[in-house]
Number of protein chains: 2
Amino acid sequence: MAEKQTERKLPSRQEDFAEWYNQIVLRAELADYAPVRGCMIVRPYGWGIWENIQQALDRRFKATGHVNAAFPMLIPRSFIEKESKHVEGFAPELAVVTVGGGEELEEPLVLRPTSETIIGHAYARWVQSYRDLPILINLWNNVVRWELRTKLFLRTLEFYWQEGHTAHATSVEAVAETRQMLDVYTDFAVNEAAIPVIPGRKSESERFAGADQTYSIEAMMGDGKALQAATSHNLGQNFAKAFEIRYLDKEGQLQYCWTTSWGLSTRFIGAIIMVHGDDQGLILPPRLAPLQAVIVPIFKTEAEKELTLETAERVRSELARADIRARVDPRDGVSPGFKFNDWEMRGVPLRIEVGPRDVAANTVVLARRERPGKEGKSTAKMDGVAGTVAETLASIQQALYDRALAFREANTHVVTNYEEFKAVVETGFALAWWCGEGDCEARIKEETKATMRCIPLEQPGGSGACVLCGKPAREQAVFARAY
Amino acid sequence: MAEKQTERKLPSRQEDFAEWYNQIVLRAELADYAPVRGCMIVRPYGWGIWENIQQALDRRFKATGHVNAAFPMLIPRSFIEKESKHVEGFAPELAVVTVGGGEELEEPLVLRPTSETIIGHAYARWVQSYRDLPILINLWNNVVRWELRTKLFLRTLEFYWQEGHTAHATSVEAVAETRQMLDVYTDFAVNEAAIPVIPGRKSESERFAGADQTYSIEAMMGDGKALQAATSHNLGQNFAKAFEIRYLDKEGQLQYCWTTSWGLSTRFIGAIIMVHGDDQGLILPPRLAPLQAVIVPIFKTEAEKELTLETAERVRSELARADIRARVDPRDGVSPGFKFNDWEMRGVPLRIEVGPRDVAANTVVLARRERPGKEGKSTAKMDGVAGTVAETLASIQQALYDRALAFREANTHVVTNYEEFKAVVETGFALAWWCGEGDCEARIKEETKATMRCIPLEQPGGSGACVLCGKPAREQAVFARAY
């Protein structure tokens with residue numbers, strides 16, 4: 001099956017980015033379509049990436065004092081209606097259970113599209129006094145949103161994510177938490193996924209349904225479009241009031257809590273594909289790659305096979321001792337060239353070739369996935385091979401980040417007028433002064449298909465004229481077409 | 001809130017085992033009731049146990065060649081109907097989604113009660129030749145079964161589990177897989193949870209709906225009742241035929257695959273509570289405890305507080321360096337005795353007391369949770385405290401296992417006649433010759449409420465007379481009342 005799939009050529013990114021993306025997801029066996037429209041099967045290789053994402057984030061969540069828990073997927077329909085903006089945002093996307101155990105249910109249950117409401121219900125019972133605060137809980141789970149246009153990883157009916165839900169005694173603490181988690185996501189994207197991101201504030205129209213403030217990290221994909229890679233919401237007292245989450249403060253006064261929520265989903269895997277991939281296929285950042293190195297023995301005769309396989313296995317076990325995730329590809333009946341293509345499609349960051357001459361010279365050949373051809377090849381001594389591989393993987397990780405950042409910088413332009421703006425958002429990010437009015441934002445969206453991605457936390461200072469209406473503006477915003 | 005809860009006395013196990021269980025789940029903050037009947041919130045402390053269970057199992061699954069993936073929760077209703085016994089078993093328990101995105105669905109979707117059907121559909125597409133086999137996939141997810149009588153952890157509408165699904169070229173391999181995973185569960189129960197289990201074969205009436213053979217591990221709870229702690233099913237070619245999972249063998253012949261499935265759920269947390277807990281509360285086996293040791297500084301004056309807290313913190317950091325999960329309880333305003341009770345209720349395996357005299361003597365006091373009172377107390381030197389604690393935890397782990405095994409042995413009896421049988425199943429396990437007929441099994445169940453738990457893999461050999469009908473029997477079976 002692999003042989004068949006890899007024989008056909010991948011469409012180039014230039015030619016058809018959307019089809020290039022789909023083909024990678026299917027051919028690298030990251031995910032597959034499910035029998036129910038819009039649902040997805042995450043195959044072991046794709047789930048391996050998610051497991052590494054989970055570990056990298058979970059470590060950061062726990063280091064910042066959070067603990068995991070699990071809340072039910074089934075939520076009474078009436079819960080969703082308690083927060084007025086929340087129901088507006090989510091009602092059209094709900095999946096509803098009306099029958100259970102053969103009987104029509106008295107109250108229909110919805111499959112959680114997100115858990116703020118059921119969290120609110122529980123926190124209201126758990127919190128009595130200021131001593132019970134803060135509550136710092138994270139959930140790893142699946143949610144369902146009835147999307148009409150779906151795409152594997154990027155937008156599916158059911159998806160996997162983590163959702164953090166915290167409750168605090170003061171607004172100051174909730175603000176700090178919201179910003180802290182935005183920093184955690186930024187750190188994760190940059191240092192684990194090698195994806196440069198712009199952390200910033202969303203406009204009112206792009207806020208989470210029920211939030212006072214939404215922050216996001218925005219990344220540029222290989223086609224110049226934006227992808228919202230994670231969000232962090234300051235929910236103010238909106239859910240606390242809707243669900244009566246109250247506490248007695250030190251003075252014995254009953255106060256409403258301040259809550260936050262924040263999430264990152266399997267959508268992020270789509271970002272990894274679209275940021276790093278090339279015309280040969282997927283390229284995974286070493287820190288998140290389920291397989292960091294593949295070792296390919298190269299042989300013609302039986303004697304060579306035995307010799308190279310033995311050395312390959314020795315390399316593998318040295319790498320394993322150094323906690324490098326590697327495997328040998330011993331397949332018979334397919335050529336080394338076929339194997340090279342196959343592993344390139346799957347985005348393994350480093351290939352290690354072991355031929356008879358390498359064995360004789362006590363060396364191996366390293367081939368970096370992100371630099372195809374001779375340029376990415378080097379010879380390494382068998383002595384200390386694990387150290388060399390570890391260094392090379394770190395260098396690949398850095399190179400991927402540098403390349404993604406250079407690409408984003410080359411395709412991001414500060415624009416001073418609307419004509420420039422329109423040209424820039426055809427292929428990248430426009431950084432423009434914006435008056436802050438929803439009307440300007442809406443007209444821009446309608447006329448250019450570009451949305452206000454975020455108001456970056458980092459601002460140039462000073463002021464300028466709104467790119468559309470010309471009124472004085474104190475902040476620059478990032479506009480782009482988006483996934 | 002904690003103070004209030006721990007003040008009330010827990011009912012003793014003798015007095016009211018069911019209420020004792022419920023109170024522990026709620027007071028130790030393992031889980032809570034959800035707004036939807038029969039659903040549960042797994043609170044951080046309970047989820048911490050599940051995370052440790054997951055890690056211990058996942059390590060074993062990966063060591064035996066399995067990989068994780070994710071399959072959709074939504075399954076077309078028609079899928080469930082493809083395997084005739086499967087639909088019989090699961091149809092009455094289904095939750096059905098009939099509305100999505102505001103529209104009535106053309107085909108109702110069920111929430112997975114288990115994933116054999118959707119797995120079958122995918123494997124049929126993925127498998128073409130013998131080279132694609134075996135497929136060894138595990139899923140960690142949530143499933144929904146519309147149960148009428150529910151109990152936290154033991155039986156809930158939605159629960160968490162892992163379900164392994166494998167496909168093989170031969171029956172021999174499927175049999176070996178089924179048995180291998182039963183061994184994995186046994187090893188996990190014994191060595192991680194300190195729970196002795198009886199691995200065995202289920203009777204036809206107790207088999208998984210659609211299996212040729214079901215194996216289980218059965219454990220004895222503190223009230224003498226049985227709990228099925230995990231199952232492993234040989235599905236034969238039933239699902240392969242229903243879903244057309246076929247492969248071309250080496251001779252180019254089209255063959256049906258042989259499949260297996262196996263699972264362990266959050267129910268297992270219920271088993272841990274009921275096997276190890278005592279009248280003071282929960283007792284967690286150290287290997288699965290989210291918190292292995294709690295360090296309680298004991299002070300009266302501010303000077304003592306500073307002194308003992310500083311030492312407590314030093315102990316904690318030494319334990320952390322040795323990968324022992326520990327924390328200090330620095331709470332003001334509650335007495336040491338209150339703290340002792342509180343952590344006993346929560347089942348922390350080891351308490352470490354640090355008083356002013358201990359600080360002066362450069363020692364700490366260790367108090368084992370499973371041996372209340374003076375008998376479980378000892379003094380340890382500060383020098384090398386981490387080593388002493390690690391040894392003590394290992395000793396507690398072993399003591400819990402030994403105690404559970406002794407209890408099971410004391411309450412398991414080989415019975416030779418039906419009168420004996422009836423008396424034994426009032427309080428424990430009856431080991432009895434059984435003719436293998438469903439009629440006898442059914443009558444026994446009706447008359448004694450005891451079910452055939454399993455036919456242990458380990459048999460005494462020889463033969464005897466069926467405990468009910470007196471016909472010749474070649475195997476002994478375990479009968480017990482069960483959760």
# chains A, B, ... in the order shown; residues from 1 in each chain; ligands from 1

$ select_by_dssp --residues "range 152-216 of chain A" --states "alpha helix (DSSP H)" --output "list of chain:residue names"
A:Ser171, A:Val172, A:Glu173, A:Ala174, A:Val175, A:Ala176, A:Glu177, A:Thr178, A:Arg179, A:Gln180, A:Met181, A:Leu182, A:Asp183, A:Val184, A:Tyr185, A:Thr186, A:Asp187, A:Phe188, A:Ala189, A:Val190, A:Asn191

$ write_last_selection --atoms "C-alpha atoms" --output "mmCIF file, in the first residue's frame"
data_model
loop_
_atom_site.group_PDB
_atom_site.id
_atom_site.type_symbol
_atom_site.label_atom_id
_atom_site.label_comp_id
_atom_site.auth_asym_id
_atom_site.auth_seq_id
_atom_site.Cartn_x
_atom_site.Cartn_y
_atom_site.Cartn_z
ATOM 1 C CA SER A 171 -9.704 40.347 38.162
ATOM 2 C CA VAL A 172 -5.971 40.976 38.382
ATOM 3 C CA GLU A 173 -5.291 37.272 38.881
ATOM 4 C CA ALA A 174 -7.561 36.294 35.979
ATOM 5 C CA VAL A 175 -5.798 38.759 33.692
ATOM 6 C CA ALA A 176 -2.430 37.387 34.770
ATOM 7 C CA GLU A 177 -3.559 33.799 34.179
ATOM 8 C CA THR A 178 -4.885 34.622 30.702
ATOM 9 C CA ARG A 179 -1.581 36.223 29.766
ATOM 10 C CA GLN A 180 0.516 33.522 31.410
ATOM 11 C CA MET A 181 -1.168 30.822 29.321
ATOM 12 C CA LEU A 182 -0.691 32.882 26.169
ATOM 13 C CA ASP A 183 3.016 32.912 27.047
ATOM 14 C CA VAL A 184 2.955 29.149 27.606
ATOM 15 C CA TYR A 185 1.455 28.635 24.136
ATOM 16 C CA THR A 186 3.994 30.992 22.576
ATOM 17 C CA ASP A 187 6.856 29.176 24.263
ATOM 18 C CA PHE A 188 5.457 25.820 23.137
ATOM 19 C CA ALA A 189 4.958 26.930 19.516
ATOM 20 C CA VAL A 190 8.423 28.455 19.233
ATOM 21 C CA ASN A 191 10.481 25.933 21.174
#

$ select_by_dssp --residues "range 350-427 of chain A" --states "strand (DSSP E)" --output "list of chain:residue names"
A:Leu350, A:Arg351, A:Ile352, A:Glu353, A:Val354, A:Thr363, A:Val364, A:Val365, A:Leu366, A:Ala367, A:Arg368, A:Lys377, A:Ser378, A:Thr379, A:Ala380, A:Lys381, A:Thr412, A:His413, A:Val414

$ write_last_selection --atoms "C-alpha atoms" --output "compact mmCIF listing (two decimals), in the first residue's frame"
# COMPACT_ATOMS: atom_id res chain seq x y z
CA LEU A 350 16.90 12.76 9.90
CA ARG A 351 17.83 9.78 7.72
CA ILE A 352 20.86 7.71 8.61
CA GLU A 353 22.26 5.62 5.76
CA VAL A 354 24.41 2.61 6.47
CA THR A 363 30.97 5.83 9.62
CA VAL A 364 27.36 6.55 8.72
CA VAL A 365 25.79 9.11 6.40
CA LEU A 366 23.37 11.66 7.87
CA ALA A 367 20.80 13.24 5.55
CA ARG A 368 18.78 16.15 6.90
CA LYS A 377 24.29 15.19 3.73
CA SER A 378 27.29 14.63 5.96
CA THR A 379 29.39 11.77 7.21
CA ALA A 380 29.52 10.97 10.91
CA LYS A 381 31.80 8.67 12.85
CA THR A 412 4.68 40.51 6.27
CA HIS A 413 4.47 44.16 5.28
CA VAL A 414 3.61 47.32 7.08

$ closest_atom_pairs --of "chain B" --to "chain A" --cutoff "6 Å" --atoms "only C-alpha atoms" --output "Markdown table"
| residue | atom | partner | partner_atom | distance |
| --- | --- | --- | --- | --- |
| B:Ile41 | CA | A:Phe71 | CA | 4.8 |
| B:Val42 | CA | A:Ala70 | CA | 5.0 |
| B:Arg43 | CA | A:Ala69 | CA | 5.2 |
| B:Pro44 | CA | A:Ala69 | CA | 4.6 |
| B:Trp47 | CA | A:Ala69 | CA | 5.3 |
| B:Asn68 | CA | A:Pro44 | CA | 5.5 |
| B:Ala69 | CA | A:Pro44 | CA | 4.5 |
| B:Ala70 | CA | A:Val42 | CA | 5.0 |
| B:Phe71 | CA | A:Ile41 | CA | 4.8 |
| B:Pro92 | CA | A:Gly101 | CA | 5.2 |
| B:Glu93 | CA | A:Gly101 | CA | 4.6 |
| B:Leu94 | CA | A:Gly101 | CA | 5.3 |
| B:Ala95 | CA | A:Gly100 | CA | 4.3 |
| B:Val96 | CA | A:Val99 | CA | 5.1 |
| B:Val97 | CA | A:Val97 | CA | 4.1 |
| B:Val99 | CA | A:Val96 | CA | 5.1 |
| B:Gly100 | CA | A:Ala95 | CA | 4.3 |
| B:Gly101 | CA | A:Glu93 | CA | 4.6 |
| B:Trp146 | CA | A:Gly101 | CA | 5.2 |

$ write_last_selection --atoms "N, CA and C atoms" --output "mmCIF file, in the first residue's frame"
data_model
loop_
_atom_site.group_PDB
_atom_site.id
_atom_site.type_symbol
_atom_site.label_atom_id
_atom_site.label_comp_id
_atom_site.auth_asym_id
_atom_site.auth_seq_id
_atom_site.Cartn_x
_atom_site.Cartn_y
_atom_site.Cartn_z
ATOM 1 N N ILE B 41 -18.052 13.557 37.147
ATOM 2 C CA ILE B 41 -16.896 14.427 37.021
ATOM 3 C C ILE B 41 -15.755 13.712 37.733
ATOM 4 N N VAL B 42 -14.665 13.466 37.036
ATOM 5 C CA VAL B 42 -13.503 12.897 37.710
ATOM 6 C C VAL B 42 -12.646 14.070 38.154
ATOM 7 N N ARG B 43 -12.548 14.254 39.452
ATOM 8 C CA ARG B 43 -11.830 15.410 39.998
ATOM 9 C C ARG B 43 -10.322 15.203 39.891
ATOM 10 N N PRO B 44 -9.549 16.263 40.055
ATOM 11 C CA PRO B 44 -8.104 16.139 39.820
ATOM 12 C C PRO B 44 -7.429 14.990 40.573
ATOM 13 N N TRP B 47 -8.434 11.825 38.841
ATOM 14 C CA TRP B 47 -7.835 11.782 37.512
ATOM 15 C C TRP B 47 -6.327 11.538 37.593
ATOM 16 N N ASN B 68 -0.901 3.951 19.743
ATOM 17 C CA ASN B 68 -2.179 4.598 20.020
ATOM 18 C C ASN B 68 -2.713 5.337 18.797
ATOM 19 N N ALA B 69 -4.011 5.490 18.740
ATOM 20 C CA ALA B 69 -4.663 6.262 17.684
ATOM 21 C C ALA B 69 -5.975 6.783 18.257
ATOM 22 N N ALA B 70 -6.750 7.498 17.430
ATOM 23 C CA ALA B 70 -8.051 7.989 17.900
ATOM 24 C C ALA B 70 -9.100 7.768 16.819
ATOM 25 N N PHE B 71 -10.206 7.193 17.206
ATOM 26 C CA PHE B 71 -11.328 6.967 16.300
ATOM 27 C C PHE B 71 -12.516 7.804 16.750
ATOM 28 N N PRO B 92 -29.719 -1.856 23.457
ATOM 29 C CA PRO B 92 -30.501 -1.255 24.554
ATOM 30 C C PRO B 92 -29.767 -0.145 25.300
ATOM 31 N N GLU B 93 -28.465 -0.029 25.119
ATOM 32 C CA GLU B 93 -27.669 0.910 25.920
ATOM 33 C C GLU B 93 -27.222 2.129 25.132
ATOM 34 N N LEU B 94 -27.765 2.322 23.921
ATOM 35 C CA LEU B 94 -27.221 3.371 23.067
ATOM 36 C C LEU B 94 -27.765 4.761 23.383
ATOM 37 N N ALA B 95 -26.875 5.763 23.253
ATOM 38 C CA ALA B 95 -27.281 7.164 23.241
ATOM 39 C C ALA B 95 -27.240 7.600 21.783
ATOM 40 N N VAL B 96 -28.278 8.295 21.336
ATOM 41 C CA VAL B 96 -28.418 8.574 19.911
ATOM 42 C C VAL B 96 -28.500 10.075 19.633
ATOM 43 N N VAL B 97 -27.631 10.521 18.719
ATOM 44 C CA VAL B 97 -27.664 11.908 18.267
ATOM 45 C C VAL B 97 -28.584 11.970 17.048
ATOM 46 N N VAL B 99 -29.916 15.234 16.041
ATOM 47 C CA VAL B 99 -29.908 16.599 15.524
ATOM 48 C C VAL B 99 -28.469 17.121 15.497
ATOM 49 N N GLY B 100 -28.076 17.714 14.381
ATOM 50 C CA GLY B 100 -26.741 18.307 14.275
ATOM 51 C C GLY B 100 -26.831 19.633 13.546
ATOM 52 N N GLY B 101 -26.245 20.684 14.132
ATOM 53 C CA GLY B 101 -26.262 21.992 13.488
ATOM 54 C C GLY B 101 -27.685 22.469 13.220
ATOM 55 N N TRP B 146 -25.901 3.557 28.120
ATOM 56 C CA TRP B 146 -27.033 4.076 28.880
ATOM 57 C C TRP B 146 -27.448 3.132 29.991
#

$ atom_distance --atom1 "CA of Ile272 in chain B" --atom2 "CA of Ala386 in chain B"
26.0 Å

$ residues_around --residues "range 81-83 of chain B" --least-positions-apart "6" --cutoff "8 Å" --atoms "only C-alpha atoms" --output "MDAnalysis selection string"
chainID B and resid 117 210 238:239 242:243

$ residues_around --residues "range 7-23 of chain A" --least-positions-apart "4" --cutoff "8 Å" --atoms "only C-alpha atoms" --output "list in words"
Glu3, Arg27, Leu152, Asp223, Ile273, Met274, Asp278, Asp279, Gln280 and Gly281 of chain A
